[in-house]
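Since the structure comes first, as structure tokens, the remarks are kept for the end.
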Amino acid sequence: MTNTSLIQLHPGDFGTVQHICAGGCATKRLYEMGFNTGAKVKVIKNDAGPIIVSLSGQKIALGRGLAQKIIVNN
Amino acid sequence: MATIALVGNPNSGKTTIFNALTGANQHVGNWPGVTVEKKEGKLNFNKKTFNIVDLPGTYSLGAFSEDEIVARDYILKDRPDVVINVVDATNIERNLYLTTQLLEMGAKVVIALNMFDEAKEKKITFDLDSLSKKLGVPVIPTVASKRKGLDQLIKNSVALIDQEVNFAPHLSYGENIDQEINKLKGLLSDKNLDYPSQWIAIKLLEGDQYIYDLVANHKGLNTSDEFISALQQLKTRAKDYELDIVNKRYEFISNITELSVTTPEVMVVTKSDKIDKVFTNKWLGMPIFALIMLLVFQLTFTVGEELLGGVMARVIEALGETIENYLITIKSPAWLIAFISEGIISGVGAVVEFVPLIVVLYMLMGLLEDSGYMARAAYVMDSLMRALGLQGKTFISMIVGFGCNVPGIMATRTLENKKDRLIATLINPFMSCGARLPIYLVFIAAFFPKHGGLVLFFLYLLGILVALLMGKIFSETLFKGESSYFIMELPPYRRPTVRNVLRNMWDNVSGFLKRAGTTIFAVVTILWILAVLPFGVEPYSANSILGQIGLWLAPIFKPAGFDSWQAAVGLFAGIAAKEGVIATLGMVCAGVEEGTALVTAIQSAFTPLTAVSFMIMTLLYTPCAAVIGTVRKETNSYKWALFTALYTFAIGWLGAVLVFQIGSLLGFS
């Protein structure tokens, strides 16, 4: 169980959100979409372009830059 | 009359419920002062009529977008009698985030637990009683697309109107924050603010800029030293509080759902997931998108423009003849006959012939949107667009622009970032709209009859390239430094609801007719008036007002090779409405509007090289008045509308001049 950035995970991996180090607007948006502390995120696609994750069954696409700023516990 | 407001996340089925409740009694307008759409309708139930307002879909009631502010202001200031909160049952935790905020505002809420069937498919189960008790509001399961549960929903909502609701769930934000809330509440009470003080206190702690500005400017407050220092303290600690508040809300939610909602351990892999493996695939995604777009394109033009547009053209022609004959038999003066059959009818004709294209375009776009595919399209195009300083959703608006730039520009509403939206609006005119196609076709028939496909392809491609180039330039000059982040929900693929698609298409088409249709009709008629005045002049000659305008403008185009007054008139007509160009060109060149005589007339007025430069000018220069009007409306400013008109003219002129000069140097003519 280590802290890593969401962008580092592979398809099939789970991560628990610890911290978001993005700007005000982006952070708020992420919270509203369900990326609060403790939220369990599953990575579905992470090859090229925005990554696709699953959050409580909902699929969300995140820009790579943004995904980099989401710190999760693997 | 009592009012019921609909609130919920995007993609939660809110619009489907709105359509089901209001049926044909809908009205779409704009919220005053902002570019957010306002949808209202009437519901008849139990011999009473109710006002239904569809608020913009939002994830939260913060203050980050016009959508959110419109929604929350409506709830707090206009005070609807009841709020129906549409919640997506397959994603209840995230959806309830909005619910907690609604409850804190003191609104009277009924929850429509929508997409109940999909939740069942995913093996999610609910203890509705427990959920309802814990939230303190009625929870009604619905499947809006199949019209299930709606009667219950309406019954409960109507019943709530007359009920006194006292249960406001006490959401504790932890001792620390609760203390701060009470402290602020004390300072705020009796100050006559528009919102409940408890709510304002929470918003201030959350760092809500809108509320912050509101209290900072409030005369009753900004004179109190105690308050000012409290406000200062808040500023420095906002980020800490914000996360805590968010987490507390989710904690509150999970405490409730833990006991009332059961989700299977292993997520059921759905059909949507399987389809996405292909549609969002690194290698297949873009080609599939290109194919789908090609199909949309083909259908729009063959069915919309050629087939149905052709039918409409013949109908208008027949109508025109009938009216003309009637007027002749009742011995109307010649000028009236001419005015009606040549002026008005051609004005109407210009619009009506174009409508089928718009109908097909909106229908196809609606189908793609409703099915959930559009989100994938934006996803697939995003990386490529980012490299150009744009985004995936920008490309969607560009595609729509190929049909008509008016809906193309309106499609930029999906871009939340102001910079992205503005850039997408400014570059949309370079997407060659459907009205310009007849112009190219005539020139192709006149000079390049064997290479039509190639010429068209080249023109459209040039349009795309210029749009992308200008997009990149704007991105790096006009709004330097404001970057947009990409975060987008990919809703599950759903079978499009026919009712929704048709309703949406109807709204859009009638909107188009109102906005663009009236403009096009007016300008085409005015063009005709300019062509036949002053009285007694030969219509469409150099001596008519129109001709004089052409003569005056012609010198500008000398470097581009087509400095005849006729060409200038054609381009002038195009600024009014692209639909009018061919007819006008025909009339000024040879007194004919169509057919082989028109082609011959074009052949004598242009050369192959000047035909190319003219087509490039047509492709790139100022879009029609309806588009300029749309830019003004969507950006809420005259400045950008004027800018669009001028800069596209400059680019068009530059392009035409370059092509002509270089072409001449190379020996073409």
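Labels for the structure tokens follow display order: chains A, B, ..., residues from 1 in each chain, ligands from 1.
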Up to 8 Å from chain B, what residues of chain A turn up? Count only C-alpha atoms and give them as a list in words.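 Matching residues, ligands excluded from the count: Cys25, Ala26, Tyr31, Glu32, Met33, Gly34, Asn36, Thr37, Asp47, Ala48, Gly49, Pro50, Ser56, Gly57, Gln58, Lys59, Ile60, Ala61, Leu62, Gly63, Gly65 and Leu66 of chain A.
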Residues within 8 Å of Leu6 (chain A), only C-alpha atoms, excluding chain neighbours under 2 positions, as a list in words: Thr4, Gln8, Leu9, Gly15, Ala67, Gln68, Lys69, Ile70, Ile71 and Val72 of chain A
The selected residues should be written to file as a PDB file, in the first residue's frame (atoms: N, CA and C atoms).
ATOM      1  N   THR A   4       0.658   6.887  -4.503  1.00  0.00           N
ATOM      2  CA  THR A   4       1.157   7.147  -5.840  1.00  0.00           C
ATOM      3  C   THR A   4       0.145   8.006  -6.592  1.00  0.00           C
ATOM      4  N   GLN A   8      -0.255   6.635 -12.530  1.00  0.00           N
ATOM      5  CA  GLN A   8       0.707   5.532 -12.537  1.00  0.00           C
ATOM      6  C   GLN A   8       0.050   4.164 -12.493  1.00  0.00           C
ATOM      7  N   LEU A   9      -1.249   4.151 -12.208  1.00  0.00           N
ATOM      8  CA  LEU A   9      -1.908   2.848 -12.076  1.00  0.00           C
ATOM      9  C   LEU A   9      -2.214   2.225 -13.425  1.00  0.00           C
ATOM     10  N   GLY A  15      -7.461   2.253  -6.501  1.00  0.00           N
ATOM     11  CA  GLY A  15      -6.741   3.211  -5.675  1.00  0.00           C
ATOM     12  C   GLY A  15      -7.735   3.961  -4.813  1.00  0.00           C
ATOM     13  N   ALA A  67      -5.034  13.775 -13.866  1.00  0.00           N
ATOM     14  CA  ALA A  67      -4.882  12.484 -13.189  1.00  0.00           C
ATOM     15  C   ALA A  67      -3.578  12.425 -12.409  1.00  0.00           C
ATOM     16  N   GLN A  68      -2.600  13.152 -12.934  1.00  0.00           N
ATOM     17  CA  GLN A  68      -1.306  13.164 -12.264  1.00  0.00           C
ATOM     18  C   GLN A  68      -1.405  13.807 -10.884  1.00  0.00           C
ATOM     19  N   LYS A  69      -2.381  14.718 -10.748  1.00  0.00           N
ATOM     20  CA  LYS A  69      -2.477  15.471  -9.512  1.00  0.00           C
ATOM     21  C   LYS A  69      -3.362  14.800  -8.467  1.00  0.00           C
ATOM     22  N   ILE A  70      -3.882  13.628  -8.810  1.00  0.00           N
ATOM     23  CA  ILE A  70      -4.701  12.913  -7.839  1.00  0.00           C
ATOM     24  C   ILE A  70      -3.839  11.856  -7.187  1.00  0.00           C
ATOM     25  N   ILE A  71      -3.617  12.026  -5.881  1.00  0.00           N
ATOM     26  CA  ILE A  71      -2.769  11.076  -5.164  1.00  0.00           C
ATOM     27  C   ILE A  71      -3.646   9.996  -4.557  1.00  0.00           C
ATOM     28  N   VAL A  72      -3.309   8.744  -4.854  1.00  0.00           N
ATOM     29  CA  VAL A  72      -4.108   7.637  -4.336  1.00  0.00           C
ATOM     30  C   VAL A  72      -3.244   6.652  -3.580  1.00  0.00           C
TER      31      VAL A  72
END
Might you pull out every residue within 9 Å of Gly580 (chain B), with only C-alpha atoms counted and same-chain residues fewer than 2 positions away left off, and present them as a PyMOL selection string? chain B and resi 346-347+350+435+520+523-524+527+570+573-574+576-578+582-585
Next, dump the selected residues to file, keeping only N, CA and C atoms, as a compact mmCIF listing (two decimals), in the first residue's frame.
# COMPACT_ATOMS: atom_id res chain seq x y z
N SER B 346 -38.85 34.46 -52.73
CA SER B 346 -37.47 33.94 -52.75
C SER B 346 -36.86 34.02 -51.37
N GLY B 347 -37.29 35.02 -50.59
CA GLY B 347 -36.81 35.10 -49.21
C GLY B 347 -37.27 33.87 -48.42
N ALA B 350 -35.55 30.68 -49.66
CA ALA B 350 -34.17 30.49 -49.19
C ALA B 350 -34.15 29.76 -47.86
N ALA B 435 -25.02 25.90 -46.80
CA ALA B 435 -25.52 26.91 -47.72
C ALA B 435 -24.47 27.30 -48.75
N ILE B 520 -32.52 35.38 -42.35
CA ILE B 520 -32.28 35.02 -43.75
C ILE B 520 -33.40 35.55 -44.64
N VAL B 523 -33.10 39.42 -44.99
CA VAL B 523 -32.00 39.94 -45.81
C VAL B 523 -32.16 39.57 -47.28
N VAL B 524 -32.67 38.37 -47.56
CA VAL B 524 -32.85 38.02 -48.97
C VAL B 524 -33.87 38.95 -49.63
N LEU B 527 -32.23 42.30 -50.16
CA LEU B 527 -31.33 42.22 -51.31
C LEU B 527 -32.10 42.47 -52.60
N GLY B 570 -22.02 39.45 -55.52
CA GLY B 570 -22.18 38.07 -55.02
C GLY B 570 -21.68 37.93 -53.60
N ALA B 573 -23.88 39.78 -51.17
CA ALA B 573 -25.09 39.00 -50.90
C ALA B 573 -24.79 37.88 -49.91
N GLY B 574 -23.59 37.34 -50.02
CA GLY B 574 -23.22 36.24 -49.13
C GLY B 574 -23.11 36.64 -47.68
N ALA B 576 -25.07 38.70 -46.36
CA ALA B 576 -26.45 38.73 -45.91
C ALA B 576 -26.91 37.30 -45.63
N ALA B 577 -26.78 36.46 -46.63
CA ALA B 577 -27.17 35.06 -46.47
C ALA B 577 -26.54 34.26 -47.58
N LYS B 578 -25.82 33.23 -47.25
CA LYS B 578 -25.14 32.44 -48.28
C LYS B 578 -26.13 31.80 -49.25
N ILE B 582 -25.96 32.41 -55.09
CA ILE B 582 -26.06 31.88 -56.45
C ILE B 582 -27.14 32.60 -57.26
N ALA B 583 -28.29 32.74 -56.65
CA ALA B 583 -29.37 33.42 -57.36
C ALA B 583 -28.96 34.84 -57.71
N THR B 584 -28.37 35.54 -56.75
CA THR B 584 -27.96 36.93 -57.00
C THR B 584 -26.89 37.01 -58.08
N LEU B 585 -25.88 36.13 -57.98
CA LEU B 585 -24.82 36.11 -59.00
C LEU B 585 -25.42 35.87 -60.37
Would you compute the distance between CA of Phe457 (chain B) and CA of Ser432 (chain B)? Give it in Å to one decimal. 10.9 Å
So what do you get for CA of Ile288 (chain B) versus CA of Tyr373 (chain B), distance-wise? 11.2 Å
Backbone-only DSSP, strand (DSSP E) members of region 381-618 of chain B, as JSON, numbers by chain: {"B": [487, 488, 489, 490]}
Restricting it to C-alpha atoms, dump the selection as a CSV table (one decimal), in the first residue's frame.
chain,number,residue,atom,x,y,z
B,487,ILE,CA,-12.9,15.8,-16.9
B,488,MET,CA,-15.9,14.3,-18.4
B,489,GLU,CA,-18.5,11.7,-17.5
B,490,LEU,CA,-19.0,8.8,-20.0
Would you please extract all alpha helix (DSSP H) residues from region 146-312 of chain B, as assigned by DSSP on the backbone, and give them as an MDAnalysis selection string? chainID B and resid 150:161 175:188 197:206 209:216 225:260 271:279 285:299 310:312
Any chance you could export the current selection's C-alpha atoms as an mmCIF file, in the first residue's frame?
data_model
loop_
_atom_site.group_PDB
_atom_site.id
_atom_site.type_symbol
_atom_site.label_atom_id
_atom_site.label_comp_id
_atom_site.auth_asym_id
_atom_site.auth_seq_id
_atom_site.Cartn_x
_atom_site.Cartn_y
_atom_site.Cartn_z
ATOM 1 C CA LEU B 150 -44.210 9.201 -12.877
ATOM 2 C CA ASP B 151 -47.736 9.203 -11.486
ATOM 3 C CA GLN B 152 -46.411 8.464 -8.009
ATOM 4 C CA LEU B 153 -43.815 11.172 -8.471
ATOM 5 C CA ILE B 154 -46.371 13.784 -9.408
ATOM 6 C CA LYS B 155 -48.760 12.747 -6.628
ATOM 7 C CA ASN B 156 -46.054 13.035 -4.009
ATOM 8 C CA SER B 157 -44.781 16.328 -5.338
ATOM 9 C CA VAL B 158 -48.199 17.908 -5.461
ATOM 10 C CA ALA B 159 -48.979 16.663 -1.946
ATOM 11 C CA LEU B 160 -45.784 18.228 -0.669
ATOM 12 C CA ILE B 161 -46.775 21.677 -1.899
ATOM 13 C CA GLU B 175 -16.939 20.272 16.124
ATOM 14 C CA ASN B 176 -14.436 22.741 14.726
ATOM 15 C CA ILE B 177 -16.392 23.715 11.697
ATOM 16 C CA ASP B 178 -19.757 23.662 13.444
ATOM 17 C CA GLN B 179 -18.335 26.225 15.872
ATOM 18 C CA GLU B 180 -17.200 28.464 13.035
ATOM 19 C CA ILE B 181 -20.610 28.156 11.414
ATOM 20 C CA ASN B 182 -22.356 29.271 14.564
ATOM 21 C CA LYS B 183 -19.953 32.146 15.037
ATOM 22 C CA LEU B 184 -20.582 33.409 11.525
ATOM 23 C CA LYS B 185 -24.293 32.800 11.836
ATOM 24 C CA GLY B 186 -24.314 35.100 14.813
ATOM 25 C CA LEU B 187 -22.635 37.873 12.840
ATOM 26 C CA LEU B 188 -24.966 37.388 9.899
ATOM 27 C CA SER B 197 -27.687 32.673 7.351
ATOM 28 C CA GLN B 198 -26.754 29.091 8.195
ATOM 29 C CA TRP B 199 -26.350 28.414 4.506
ATOM 30 C CA ILE B 200 -24.287 31.559 3.945
ATOM 31 C CA ALA B 201 -22.009 30.596 6.816
ATOM 32 C CA ILE B 202 -21.359 27.201 5.265
ATOM 33 C CA LYS B 203 -20.735 28.733 1.858
ATOM 34 C CA LEU B 204 -18.235 31.183 3.277
ATOM 35 C CA LEU B 205 -16.333 28.373 4.901
ATOM 36 C CA GLU B 206 -16.362 26.526 1.617
ATOM 37 C CA GLN B 209 -16.536 33.306 -4.229
ATOM 38 C CA TYR B 210 -19.999 34.480 -5.181
ATOM 39 C CA ILE B 211 -21.251 34.518 -1.578
ATOM 40 C CA TYR B 212 -17.970 35.968 -0.404
ATOM 41 C CA ASP B 213 -18.363 38.929 -2.745
ATOM 42 C CA LEU B 214 -21.978 39.290 -1.688
ATOM 43 C CA VAL B 215 -21.218 39.699 2.007
ATOM 44 C CA ALA B 216 -18.021 41.670 1.484
ATOM 45 C CA ASP B 225 -14.740 45.261 12.341
ATOM 46 C CA GLU B 226 -15.531 41.923 13.887
ATOM 47 C CA PHE B 227 -16.993 40.732 10.644
ATOM 48 C CA ILE B 228 -14.153 42.018 8.519
ATOM 49 C CA SER B 229 -11.556 40.243 10.623
ATOM 50 C CA ALA B 230 -13.602 37.048 10.586
ATOM 51 C CA LEU B 231 -13.710 37.285 6.807
ATOM 52 C CA GLN B 232 -9.947 37.765 6.598
ATOM 53 C CA GLN B 233 -9.383 34.684 8.701
ATOM 54 C CA LEU B 234 -11.645 32.698 6.445
ATOM 55 C CA LYS B 235 -9.676 33.621 3.370
ATOM 56 C CA THR B 236 -6.546 32.085 4.739
ATOM 57 C CA ARG B 237 -8.169 28.909 6.008
ATOM 58 C CA ALA B 238 -10.676 28.277 3.198
ATOM 59 C CA LYS B 239 -8.845 25.414 1.544
ATOM 60 C CA ASP B 240 -8.685 23.452 4.773
ATOM 61 C CA TYR B 241 -12.351 23.887 5.527
ATOM 62 C CA GLU B 242 -13.411 23.127 1.996
ATOM 63 C CA LEU B 243 -12.061 19.589 1.923
ATOM 64 C CA ASP B 244 -13.441 18.850 5.369
ATOM 65 C CA ILE B 245 -16.883 20.055 4.378
ATOM 66 C CA VAL B 246 -16.847 17.957 1.218
ATOM 67 C CA ASN B 247 -15.743 14.877 3.088
ATOM 68 C CA LYS B 248 -18.358 15.380 5.768
ATOM 69 C CA ARG B 249 -21.059 15.506 3.138
ATOM 70 C CA TYR B 250 -19.865 12.254 1.593
ATOM 71 C CA GLU B 251 -19.641 10.746 5.071
ATOM 72 C CA PHE B 252 -23.236 11.730 5.717
ATOM 73 C CA ILE B 253 -24.190 10.139 2.406
ATOM 74 C CA SER B 254 -22.327 6.895 2.960
ATOM 75 C CA ASN B 255 -23.804 6.554 6.418
ATOM 76 C CA ILE B 256 -27.188 6.580 4.786
ATOM 77 C CA THR B 257 -26.400 4.401 1.788
ATOM 78 C CA GLU B 258 -24.522 1.838 3.833
ATOM 79 C CA LEU B 259 -27.762 0.733 5.333
ATOM 80 C CA SER B 260 -30.193 1.459 2.529
ATOM 81 C CA LYS B 271 -22.665 -4.044 -22.631
ATOM 82 C CA SER B 272 -21.532 -0.420 -22.484
ATOM 83 C CA ASP B 273 -18.130 -1.481 -21.227
ATOM 84 C CA LYS B 274 -17.765 -3.976 -24.045
ATOM 85 C CA ILE B 275 -18.743 -1.426 -26.669
ATOM 86 C CA ASP B 276 -16.341 1.094 -25.199
ATOM 87 C CA LYS B 277 -13.449 -1.299 -25.575
ATOM 88 C CA VAL B 278 -13.837 -0.700 -29.285
ATOM 89 C CA PHE B 279 -15.102 2.864 -29.470
ATOM 90 C CA GLY B 285 -11.437 5.136 -31.823
ATOM 91 C CA MET B 286 -10.646 7.868 -34.303
ATOM 92 C CA PRO B 287 -11.336 5.943 -37.514
ATOM 93 C CA ILE B 288 -14.703 4.876 -36.092
ATOM 94 C CA PHE B 289 -15.465 8.479 -35.240
ATOM 95 C CA ALA B 290 -14.454 9.561 -38.734
ATOM 96 C CA LEU B 291 -16.741 6.952 -40.240
ATOM 97 C CA ILE B 292 -19.690 7.920 -38.098
ATOM 98 C CA MET B 293 -19.173 11.568 -38.968
ATOM 99 C CA LEU B 294 -18.907 10.735 -42.634
ATOM 100 C CA LEU B 295 -22.218 8.922 -42.360
ATOM 101 C CA VAL B 296 -23.841 11.895 -40.639
ATOM 102 C CA PHE B 297 -22.425 14.125 -43.328
ATOM 103 C CA GLN B 298 -23.679 11.969 -46.165
ATOM 104 C CA LEU B 299 -27.149 11.609 -44.725
ATOM 105 C CA GLY B 310 -35.101 19.691 -53.597
ATOM 106 C CA VAL B 311 -38.698 18.797 -52.825
ATOM 107 C CA MET B 312 -39.126 22.013 -50.830
#
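Atom to atom, CA of Pro623 (chain B) and CA of Ile575 (chain B) stand 6.0 Å apart.
Summary of the local environment: counting only C-alpha atoms, residues at most 9 Å from Thr607 (chain B), other than itself and those fewer than 5 positions away along its chain, are B:Phe447, B:Phe562, B:Ile602, B:Val612, B:Ser669.
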Would you pick out the contacts of Asp13 (chain A) at 10 Å or less, using only C-alpha atoms, so that residues sharing its chain but fewer than 3 positions from it are not included, and give the list as a list in words?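 Result of the neighbour search: Leu6, Gln8, Leu9, His10, Val41, Lys42, Val43, Ile44, Val53 and Asn74 of chain A.
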